[in-house]
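Q: Next comes target06.cif, mmCIF, N, CA and C atoms:
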data_model
#
loop_
_atom_site.label_atom_id
_atom_site.label_comp_id
_atom_site.auth_asym_id
_atom_site.auth_seq_id
_atom_site.Cartn_x
_atom_site.Cartn_y
_atom_site.Cartn_z
N MET A 58 -38.76 -41.34 -2.04
CA MET A 58 -38.69 -39.89 -2.06
C MET A 58 -37.87 -39.35 -0.89
N ILE A 59 -38.05 -39.93 0.29
CA ILE A 59 -37.31 -39.49 1.46
C ILE A 59 -35.82 -39.78 1.28
N ASP A 60 -35.49 -40.94 0.68
CA ASP A 60 -34.09 -41.27 0.45
C ASP A 60 -33.44 -40.26 -0.51
N ALA A 61 -34.16 -39.85 -1.53
CA ALA A 61 -33.64 -38.87 -2.48
C ALA A 61 -33.37 -37.53 -1.78
N ALA A 62 -34.27 -37.13 -0.90
CA ALA A 62 -34.09 -35.88 -0.15
C ALA A 62 -32.86 -35.96 0.75
N ARG A 63 -32.65 -37.11 1.35
CA ARG A 63 -31.47 -37.28 2.20
C ARG A 63 -30.18 -37.13 1.40
N TYR A 64 -30.17 -37.70 0.19
CA TYR A 64 -28.98 -37.59 -0.66
C TYR A 64 -28.73 -36.14 -1.07
N VAL A 65 -29.80 -35.43 -1.36
CA VAL A 65 -29.66 -34.02 -1.74
C VAL A 65 -29.12 -33.21 -0.56
N ILE A 66 -29.68 -33.43 0.62
CA ILE A 66 -29.22 -32.71 1.81
C ILE A 66 -27.77 -33.05 2.10
N ALA A 67 -27.40 -34.33 2.00
CA ALA A 67 -26.01 -34.73 2.23
C ALA A 67 -25.08 -34.07 1.22
N ALA A 68 -25.48 -34.00 -0.04
CA ALA A 68 -24.66 -33.37 -1.07
C ALA A 68 -24.47 -31.88 -0.79
N VAL A 69 -25.54 -31.21 -0.38
CA VAL A 69 -25.46 -29.78 -0.07
C VAL A 69 -24.54 -29.54 1.12
N LEU A 70 -24.67 -30.36 2.16
CA LEU A 70 -23.81 -30.21 3.33
C LEU A 70 -22.34 -30.45 2.99
N CYS A 71 -22.07 -31.46 2.19
CA CYS A 71 -20.68 -31.72 1.78
C CYS A 71 -20.11 -30.56 0.98
N THR A 72 -20.92 -30.00 0.10
CA THR A 72 -20.48 -28.86 -0.69
C THR A 72 -20.17 -27.66 0.20
N LEU A 73 -21.04 -27.40 1.18
CA LEU A 73 -20.80 -26.29 2.10
C LEU A 73 -19.55 -26.50 2.93
N LEU A 74 -19.34 -27.71 3.41
CA LEU A 74 -18.13 -28.00 4.18
C LEU A 74 -16.88 -27.83 3.34
N PHE A 75 -16.92 -28.30 2.11
CA PHE A 75 -15.78 -28.14 1.22
C PHE A 75 -15.52 -26.67 0.92
N ALA A 76 -16.57 -25.91 0.68
CA ALA A 76 -16.42 -24.49 0.36
C ALA A 76 -15.83 -23.73 1.54
N CYS A 77 -16.28 -24.04 2.75
CA CYS A 77 -15.73 -23.37 3.93
C CYS A 77 -14.27 -23.75 4.14
N GLY A 78 -13.93 -24.98 3.92
CA GLY A 78 -12.56 -25.44 4.11
C GLY A 78 -11.61 -24.85 3.09
N ALA A 79 -12.09 -24.49 1.93
CA ALA A 79 -11.23 -23.96 0.88
C ALA A 79 -10.73 -22.55 1.19
N GLU A 80 -11.36 -21.88 2.16
CA GLU A 80 -11.00 -20.51 2.47
C GLU A 80 -9.78 -20.39 3.38
N GLN A 81 -9.30 -21.50 3.89
CA GLN A 81 -8.17 -21.42 4.80
C GLN A 81 -7.22 -22.58 4.55
N ALA A 82 -5.97 -22.40 4.89
CA ALA A 82 -4.98 -23.46 4.75
C ALA A 82 -4.21 -23.56 6.05
N ARG A 83 -4.04 -24.75 6.52
CA ARG A 83 -3.29 -24.97 7.75
C ARG A 83 -1.90 -25.45 7.40
N LEU A 84 -0.90 -24.75 7.92
CA LEU A 84 0.49 -25.11 7.70
C LEU A 84 0.89 -26.16 8.74
N PRO A 85 1.94 -26.93 8.48
CA PRO A 85 2.38 -27.93 9.46
C PRO A 85 2.70 -27.28 10.81
N THR A 86 2.33 -27.97 11.89
CA THR A 86 2.53 -27.44 13.23
C THR A 86 3.98 -27.61 13.69
N GLN A 87 4.33 -26.84 14.70
CA GLN A 87 5.64 -26.92 15.35
C GLN A 87 5.42 -26.91 16.85
N GLU A 88 6.37 -27.46 17.59
CA GLU A 88 6.25 -27.49 19.04
C GLU A 88 7.24 -26.53 19.68
N TRP A 89 6.76 -25.81 20.71
CA TRP A 89 7.62 -24.92 21.48
C TRP A 89 7.20 -24.97 22.94
N ARG A 90 8.09 -25.42 23.81
CA ARG A 90 7.88 -25.45 25.25
C ARG A 90 6.54 -26.09 25.64
N GLY A 91 6.22 -27.20 25.01
CA GLY A 91 4.99 -27.92 25.32
C GLY A 91 3.75 -27.41 24.60
N ALA A 92 3.88 -26.37 23.81
CA ALA A 92 2.76 -25.84 23.04
C ALA A 92 2.89 -26.27 21.58
N ILE A 93 1.80 -26.72 21.01
CA ILE A 93 1.75 -27.05 19.60
C ILE A 93 1.25 -25.79 18.87
N VAL A 94 2.10 -25.23 18.01
CA VAL A 94 1.81 -23.97 17.34
C VAL A 94 1.55 -24.24 15.87
N GLY A 95 0.41 -23.76 15.38
CA GLY A 95 0.06 -23.91 13.97
C GLY A 95 -0.38 -22.59 13.39
N VAL A 96 -0.42 -22.52 12.06
CA VAL A 96 -0.81 -21.30 11.37
C VAL A 96 -1.82 -21.64 10.29
N GLU A 97 -2.89 -20.85 10.21
CA GLU A 97 -3.85 -20.92 9.12
C GLU A 97 -3.80 -19.59 8.39
N THR A 98 -4.04 -19.63 7.09
CA THR A 98 -4.04 -18.40 6.30
C THR A 98 -5.41 -18.17 5.68
N ARG A 99 -5.74 -16.90 5.55
CA ARG A 99 -6.97 -16.52 4.85
C ARG A 99 -6.64 -15.33 3.99
N PRO A 100 -6.77 -15.39 2.68
CA PRO A 100 -7.24 -16.54 1.92
C PRO A 100 -6.17 -17.62 1.82
N ALA A 101 -6.56 -18.73 1.26
CA ALA A 101 -5.62 -19.82 1.03
C ALA A 101 -5.70 -20.22 -0.43
N PRO A 102 -4.59 -20.34 -1.09
CA PRO A 102 -3.26 -19.98 -0.60
C PRO A 102 -3.13 -18.47 -0.48
N VAL A 103 -2.04 -18.04 0.17
CA VAL A 103 -1.82 -16.61 0.36
C VAL A 103 -1.70 -15.93 -1.00
N VAL A 104 -2.03 -14.65 -1.01
CA VAL A 104 -1.96 -13.84 -2.23
C VAL A 104 -1.12 -12.60 -1.94
N ILE A 105 -0.67 -11.95 -2.97
CA ILE A 105 0.04 -10.69 -2.78
C ILE A 105 -0.96 -9.67 -2.25
N GLY A 106 -0.60 -9.00 -1.18
CA GLY A 106 -1.49 -8.04 -0.53
C GLY A 106 -1.76 -8.46 0.91
N MET A 107 -2.83 -7.97 1.47
CA MET A 107 -3.16 -8.27 2.87
C MET A 107 -3.72 -9.69 3.00
N ASN A 108 -3.19 -10.41 3.98
CA ASN A 108 -3.63 -11.77 4.30
C ASN A 108 -3.79 -11.85 5.81
N GLU A 109 -4.77 -12.62 6.25
CA GLU A 109 -4.96 -12.83 7.68
C GLU A 109 -4.26 -14.12 8.09
N PHE A 110 -3.56 -14.05 9.22
CA PHE A 110 -2.88 -15.22 9.76
C PHE A 110 -3.46 -15.53 11.12
N LEU A 111 -3.86 -16.76 11.32
CA LEU A 111 -4.37 -17.23 12.60
C LEU A 111 -3.35 -18.19 13.17
N VAL A 112 -2.72 -17.79 14.26
CA VAL A 112 -1.74 -18.64 14.94
C VAL A 112 -2.48 -19.31 16.08
N SER A 113 -2.47 -20.65 16.09
CA SER A 113 -3.13 -21.38 17.16
C SER A 113 -2.09 -22.05 18.03
N ALA A 114 -2.37 -22.08 19.32
CA ALA A 114 -1.46 -22.72 20.27
C ALA A 114 -2.28 -23.59 21.21
N THR A 115 -1.97 -24.87 21.23
CA THR A 115 -2.66 -25.81 22.10
C THR A 115 -1.63 -26.59 22.91
N ARG A 116 -2.07 -27.09 24.03
CA ARG A 116 -1.23 -27.97 24.84
C ARG A 116 -1.31 -29.38 24.27
N LYS A 117 -0.36 -30.20 24.60
CA LYS A 117 -0.39 -31.58 24.12
C LYS A 117 -1.64 -32.31 24.60
N THR A 118 -2.21 -31.86 25.71
CA THR A 118 -3.42 -32.48 26.23
C THR A 118 -4.67 -32.03 25.48
N GLY A 119 -4.51 -31.05 24.58
CA GLY A 119 -5.63 -30.58 23.77
C GLY A 119 -6.22 -29.26 24.20
N GLY A 120 -5.87 -28.77 25.39
CA GLY A 120 -6.40 -27.49 25.86
C GLY A 120 -5.73 -26.32 25.17
N ALA A 121 -6.38 -25.18 25.23
CA ALA A 121 -5.85 -23.97 24.61
C ALA A 121 -4.67 -23.43 25.41
N GLU A 122 -3.66 -22.95 24.72
CA GLU A 122 -2.51 -22.29 25.33
C GLU A 122 -2.74 -20.80 25.15
N HIS A 123 -3.28 -20.15 26.18
CA HIS A 123 -3.67 -18.76 26.01
C HIS A 123 -2.79 -17.77 26.76
N GLY A 124 -1.69 -18.19 27.32
CA GLY A 124 -0.83 -17.28 28.06
C GLY A 124 0.37 -16.79 27.27
N LEU A 125 0.24 -16.65 25.97
CA LEU A 125 1.37 -16.26 25.12
C LEU A 125 1.21 -14.84 24.59
N LEU A 126 2.33 -14.26 24.22
CA LEU A 126 2.33 -13.08 23.36
C LEU A 126 2.83 -13.57 22.01
N VAL A 127 2.12 -13.21 20.95
CA VAL A 127 2.46 -13.70 19.61
C VAL A 127 2.63 -12.51 18.68
N PHE A 128 3.76 -12.50 17.97
CA PHE A 128 4.07 -11.45 17.01
C PHE A 128 4.38 -12.11 15.67
N ILE A 129 4.06 -11.44 14.56
CA ILE A 129 4.36 -11.99 13.24
C ILE A 129 4.99 -10.93 12.34
N ARG A 130 5.70 -11.43 11.34
CA ARG A 130 6.25 -10.56 10.29
C ARG A 130 6.65 -11.45 9.11
N MET A 131 6.88 -10.81 7.97
CA MET A 131 7.26 -11.55 6.77
C MET A 131 8.76 -11.50 6.50
N HIS A 132 9.45 -10.44 6.93
CA HIS A 132 10.88 -10.27 6.65
C HIS A 132 11.59 -9.80 7.91
N GLU A 133 12.86 -10.14 8.00
CA GLU A 133 13.65 -9.69 9.15
C GLU A 133 13.79 -8.18 9.19
N SER A 134 13.66 -7.53 8.04
CA SER A 134 13.79 -6.07 7.99
C SER A 134 12.51 -5.36 8.44
N GLU A 135 11.42 -6.09 8.63
CA GLU A 135 10.15 -5.48 9.04
C GLU A 135 10.00 -5.55 10.56
N PRO A 136 9.26 -4.60 11.12
CA PRO A 136 9.01 -4.67 12.57
C PRO A 136 8.01 -5.80 12.88
N TRP A 137 8.07 -6.29 14.09
CA TRP A 137 7.11 -7.31 14.52
C TRP A 137 5.74 -6.67 14.71
N THR A 138 4.69 -7.39 14.35
CA THR A 138 3.32 -6.95 14.54
C THR A 138 2.65 -7.89 15.53
N GLN A 139 2.14 -7.34 16.63
CA GLN A 139 1.53 -8.19 17.64
C GLN A 139 0.18 -8.71 17.17
N SER A 140 -0.02 -9.99 17.34
CA SER A 140 -1.29 -10.62 17.02
C SER A 140 -2.28 -10.39 18.16
N ILE A 141 -3.54 -10.38 17.82
CA ILE A 141 -4.59 -10.14 18.80
C ILE A 141 -5.11 -11.47 19.30
N GLN A 142 -5.12 -11.64 20.62
CA GLN A 142 -5.63 -12.88 21.21
C GLN A 142 -7.14 -12.92 21.06
N ASP A 143 -7.65 -14.03 20.56
CA ASP A 143 -9.08 -14.21 20.31
C ASP A 143 -9.69 -14.92 21.52
N GLY A 144 -9.97 -14.14 22.56
CA GLY A 144 -10.50 -14.73 23.80
C GLY A 144 -9.46 -15.60 24.47
N ARG A 145 -9.90 -16.66 25.11
CA ARG A 145 -8.99 -17.61 25.75
C ARG A 145 -9.01 -18.92 24.98
N THR A 146 -9.04 -18.80 23.66
CA THR A 146 -9.16 -19.98 22.79
C THR A 146 -7.82 -20.51 22.30
N GLY A 147 -6.74 -19.78 22.56
CA GLY A 147 -5.45 -20.19 22.04
C GLY A 147 -5.24 -19.77 20.60
N VAL A 148 -6.07 -18.86 20.10
CA VAL A 148 -5.95 -18.37 18.72
C VAL A 148 -5.56 -16.90 18.77
N TYR A 149 -4.56 -16.57 17.96
CA TYR A 149 -4.04 -15.21 17.87
C TYR A 149 -4.10 -14.82 16.39
N ARG A 150 -4.70 -13.69 16.07
CA ARG A 150 -4.90 -13.34 14.66
C ARG A 150 -4.38 -11.95 14.33
N ARG A 151 -3.98 -11.83 13.07
CA ARG A 151 -3.52 -10.53 12.58
C ARG A 151 -3.41 -10.60 11.06
N ALA A 152 -3.69 -9.49 10.40
CA ALA A 152 -3.50 -9.39 8.96
C ALA A 152 -2.24 -8.56 8.70
N ILE A 153 -1.41 -9.06 7.81
CA ILE A 153 -0.23 -8.31 7.39
C ILE A 153 -0.07 -8.46 5.88
N ALA A 154 0.73 -7.56 5.31
CA ALA A 154 0.95 -7.57 3.86
C ALA A 154 1.94 -8.67 3.48
N VAL A 155 1.64 -9.32 2.37
CA VAL A 155 2.50 -10.36 1.81
C VAL A 155 2.93 -9.90 0.43
N GLY A 156 4.23 -9.98 0.18
CA GLY A 156 4.75 -9.65 -1.15
C GLY A 156 4.73 -10.89 -2.03
N ALA A 157 5.65 -10.96 -2.95
CA ALA A 157 5.72 -12.12 -3.84
C ALA A 157 5.98 -13.39 -3.04
N VAL A 158 5.24 -14.43 -3.35
CA VAL A 158 5.43 -15.72 -2.67
C VAL A 158 6.29 -16.60 -3.56
N PRO A 159 7.05 -17.55 -3.08
CA PRO A 159 7.00 -18.04 -1.71
C PRO A 159 7.79 -17.15 -0.74
N GLN A 160 7.28 -17.08 0.46
CA GLN A 160 7.93 -16.38 1.56
C GLN A 160 7.80 -17.23 2.81
N THR A 161 8.38 -16.74 3.88
CA THR A 161 8.29 -17.46 5.15
C THR A 161 7.72 -16.53 6.20
N LEU A 162 6.64 -16.97 6.85
CA LEU A 162 6.06 -16.22 7.95
C LEU A 162 6.89 -16.50 9.19
N GLN A 163 7.31 -15.43 9.85
CA GLN A 163 8.04 -15.57 11.11
C GLN A 163 7.07 -15.32 12.26
N VAL A 164 7.03 -16.25 13.19
CA VAL A 164 6.14 -16.14 14.35
C VAL A 164 7.00 -16.12 15.60
N ARG A 165 6.92 -15.03 16.35
CA ARG A 165 7.66 -14.93 17.61
C ARG A 165 6.68 -15.16 18.75
N VAL A 166 6.97 -16.17 19.56
CA VAL A 166 6.12 -16.49 20.71
C VAL A 166 6.90 -16.20 21.98
N LYS A 167 6.19 -15.60 22.95
CA LYS A 167 6.81 -15.24 24.22
C LYS A 167 5.92 -15.71 25.36
N ARG A 168 6.58 -16.21 26.42
CA ARG A 168 5.85 -16.61 27.62
C ARG A 168 6.83 -16.61 28.79
N ALA A 169 6.49 -15.89 29.84
CA ALA A 169 7.25 -15.89 31.09
C ALA A 169 8.76 -15.69 30.87
N GLY A 170 9.13 -14.71 30.08
CA GLY A 170 10.53 -14.40 29.87
C GLY A 170 11.23 -15.28 28.84
N GLU A 171 10.56 -16.27 28.31
CA GLU A 171 11.14 -17.12 27.27
C GLU A 171 10.52 -16.73 25.94
N GLU A 172 11.30 -16.87 24.88
CA GLU A 172 10.76 -16.59 23.55
C GLU A 172 11.50 -17.37 22.49
N ALA A 173 10.84 -17.52 21.36
CA ALA A 173 11.43 -18.21 20.20
C ALA A 173 10.79 -17.66 18.95
N VAL A 174 11.50 -17.82 17.85
CA VAL A 174 10.97 -17.46 16.53
C VAL A 174 10.79 -18.75 15.75
N LEU A 175 9.56 -19.00 15.32
CA LEU A 175 9.23 -20.17 14.52
C LEU A 175 9.04 -19.73 13.08
N MET A 176 9.49 -20.52 12.15
CA MET A 176 9.41 -20.19 10.73
C MET A 176 8.39 -21.09 10.05
N PHE A 177 7.44 -20.47 9.32
CA PHE A 177 6.42 -21.21 8.59
C PHE A 177 6.49 -20.84 7.11
N PRO A 178 7.08 -21.70 6.28
CA PRO A 178 7.15 -21.41 4.84
C PRO A 178 5.76 -21.37 4.22
N LEU A 179 5.52 -20.35 3.41
CA LEU A 179 4.26 -20.21 2.67
C LEU A 179 4.50 -20.68 1.25
N HIS A 180 3.55 -21.35 0.70
CA HIS A 180 3.71 -21.91 -0.66
C HIS A 180 3.03 -21.05 -1.67
#
Reformat the file's structure so that it appears as structure tokens.

A:
Amino acid sequence: MIDAARYVIAAVLCTLLFACGAEQARLPTQEWRGAIVGVETRPAPVVIGMNEFLVSATRKTGGAEHGLLVFIRMHESEPWTQSIQDGRTGVYRRAIAVGAVPQTLQVRVKRAGEEAVLMFPLH
């Protein structure tokens, strides 16, 4: 009886983990000036309308890269929208409108007078 309960609990936990993971998608990471930059979307995959983008930045050593300014946009014709830093976790979040997909999310990162634009294709 105890073994059966363990299997049921394990099945429920696996289902919950799968369900939580289905709500977000992580795009391939890119490196900029020693920071590993990644993007997650909510919902996943992106849909036409408002979508939340979480830009994460970590150091190669695994620590959070929290000294950045991060801006996002979907088209070069649109103004940049500054992402909100989520504490000192290295996560920057913002929701913006997405039109017909596929599109490319543009992420502008700035630190100490240096900046770059990273491109993240959305599927």

Q: Name all residues at most 6 Å from segment 124-141 of chain A (count all atoms listed in the file; drop same-chain ones fewer than 5 positions away) and give them as a VMD selection string.

A: chain A and resid 148 to 151 161 to 168

Q: Might you spell out which residues the PyMOL selection byres (((chain A and resi 92-109 and name CA) around 8) and name CA) would select in the displayed file, as a PyMOL selection string?

A: chain A and resi 79-91+110-117+122+150-158+177+179-180

Q: Go ahead and write the selection's residues with N, CA and C atoms as a compact mmCIF listing (two decimals), keeping the file's coordinate frame.

A:
# COMPACT_ATOMS: atom_id res chain seq x y z
N ALA A 79 -12.09 -24.49 1.93
CA ALA A 79 -11.23 -23.96 0.88
C ALA A 79 -10.73 -22.55 1.19
N GLU A 80 -11.36 -21.88 2.16
CA GLU A 80 -11.00 -20.51 2.47
C GLU A 80 -9.78 -20.39 3.38
N GLN A 81 -9.30 -21.50 3.89
CA GLN A 81 -8.17 -21.42 4.80
C GLN A 81 -7.22 -22.58 4.55
N ALA A 82 -5.97 -22.40 4.89
CA ALA A 82 -4.98 -23.46 4.75
C ALA A 82 -4.21 -23.56 6.05
N ARG A 83 -4.04 -24.75 6.52
CA ARG A 83 -3.29 -24.97 7.75
C ARG A 83 -1.90 -25.45 7.40
N LEU A 84 -0.90 -24.75 7.92
CA LEU A 84 0.49 -25.11 7.70
C LEU A 84 0.89 -26.16 8.74
N PRO A 85 1.94 -26.93 8.48
CA PRO A 85 2.38 -27.93 9.46
C PRO A 85 2.70 -27.28 10.81
N THR A 86 2.33 -27.97 11.89
CA THR A 86 2.53 -27.44 13.23
C THR A 86 3.98 -27.61 13.69
N GLN A 87 4.33 -26.84 14.70
CA GLN A 87 5.64 -26.92 15.35
C GLN A 87 5.42 -26.91 16.85
N GLU A 88 6.37 -27.46 17.59
CA GLU A 88 6.25 -27.49 19.04
C GLU A 88 7.24 -26.53 19.68
N TRP A 89 6.76 -25.81 20.71
CA TRP A 89 7.62 -24.92 21.48
C TRP A 89 7.20 -24.97 22.94
N ARG A 90 8.09 -25.42 23.81
CA ARG A 90 7.88 -25.45 25.25
C ARG A 90 6.54 -26.09 25.64
N GLY A 91 6.22 -27.20 25.01
CA GLY A 91 4.99 -27.92 25.32
C GLY A 91 3.75 -27.41 24.60
N PHE A 110 -3.56 -14.05 9.22
CA PHE A 110 -2.88 -15.22 9.76
C PHE A 110 -3.46 -15.53 11.12
N LEU A 111 -3.86 -16.76 11.32
CA LEU A 111 -4.37 -17.23 12.60
C LEU A 111 -3.35 -18.19 13.17
N VAL A 112 -2.72 -17.79 14.26
CA VAL A 112 -1.74 -18.64 14.94
C VAL A 112 -2.48 -19.31 16.08
N SER A 113 -2.47 -20.65 16.09
CA SER A 113 -3.13 -21.38 17.16
C SER A 113 -2.09 -22.05 18.03
N ALA A 114 -2.37 -22.08 19.32
CA ALA A 114 -1.46 -22.72 20.27
C ALA A 114 -2.28 -23.59 21.21
N THR A 115 -1.97 -24.87 21.23
CA THR A 115 -2.66 -25.81 22.10
C THR A 115 -1.63 -26.59 22.91
N ARG A 116 -2.07 -27.09 24.03
CA ARG A 116 -1.23 -27.97 24.84
C ARG A 116 -1.31 -29.38 24.27
N LYS A 117 -0.36 -30.20 24.60
CA LYS A 117 -0.39 -31.58 24.12
C LYS A 117 -1.64 -32.31 24.60
N GLU A 122 -3.66 -22.95 24.72
CA GLU A 122 -2.51 -22.29 25.33
C GLU A 122 -2.74 -20.80 25.15
N ARG A 150 -4.70 -13.69 16.07
CA ARG A 150 -4.90 -13.34 14.66
C ARG A 150 -4.38 -11.95 14.33
N ARG A 151 -3.98 -11.83 13.07
CA ARG A 151 -3.52 -10.53 12.58
C ARG A 151 -3.41 -10.60 11.06
N ALA A 152 -3.69 -9.49 10.40
CA ALA A 152 -3.50 -9.39 8.96
C ALA A 152 -2.24 -8.56 8.70
N ILE A 153 -1.41 -9.06 7.81
CA ILE A 153 -0.23 -8.31 7.39
C ILE A 153 -0.07 -8.46 5.88
N ALA A 154 0.73 -7.56 5.31
CA ALA A 154 0.95 -7.57 3.86
C ALA A 154 1.94 -8.67 3.48
N VAL A 155 1.64 -9.32 2.37
CA VAL A 155 2.50 -10.36 1.81
C VAL A 155 2.93 -9.90 0.43
N GLY A 156 4.23 -9.98 0.18
CA GLY A 156 4.75 -9.65 -1.15
C GLY A 156 4.73 -10.89 -2.03
N ALA A 157 5.65 -10.96 -2.95
CA ALA A 157 5.72 -12.12 -3.84
C ALA A 157 5.98 -13.39 -3.04
N VAL A 158 5.24 -14.43 -3.35
CA VAL A 158 5.43 -15.72 -2.67
C VAL A 158 6.29 -16.60 -3.56
N PHE A 177 7.44 -20.47 9.32
CA PHE A 177 6.42 -21.21 8.59
C PHE A 177 6.49 -20.84 7.11
N LEU A 179 5.52 -20.35 3.41
CA LEU A 179 4.26 -20.21 2.67
C LEU A 179 4.50 -20.68 1.25
N HIS A 180 3.55 -21.35 0.70
CA HIS A 180 3.71 -21.91 -0.66
C HIS A 180 3.03 -21.05 -1.67

Q: For atom N of Ala121 of chain A and atom C of Leu175 of chain A, determine how far apart the two atoms are, in Å to one decimal place.

A: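 Spanning atom N of Ala121 of chain A to atom C of Leu175 of chain A is a straight-line distance of 20.4 Å.
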
Q: Find the distance between atom C of Thr146 of chain A and atom CA of Gly119 of chain A and write it in Å to one decimal.

A: 10.4 Å

Q: Could you give me the centre and size, in Å to one decimal, of an axis-aligned box around all listed atoms of segment 82-94 of chain A with 5 Å added on every side, as lines of an AutoDock Vina configuration file?

A:
center_x = 1.1
center_y = -25.2
center_z = 15.2
size_x = 24.1
size_y = 15.6
size_z = 30.9

Q: Atom N of Pro178 of chain A to atom C of Gly147 of chain A: how many Å, to one decimal?

A: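 Here the two named atoms are 19.0 Å from each other.
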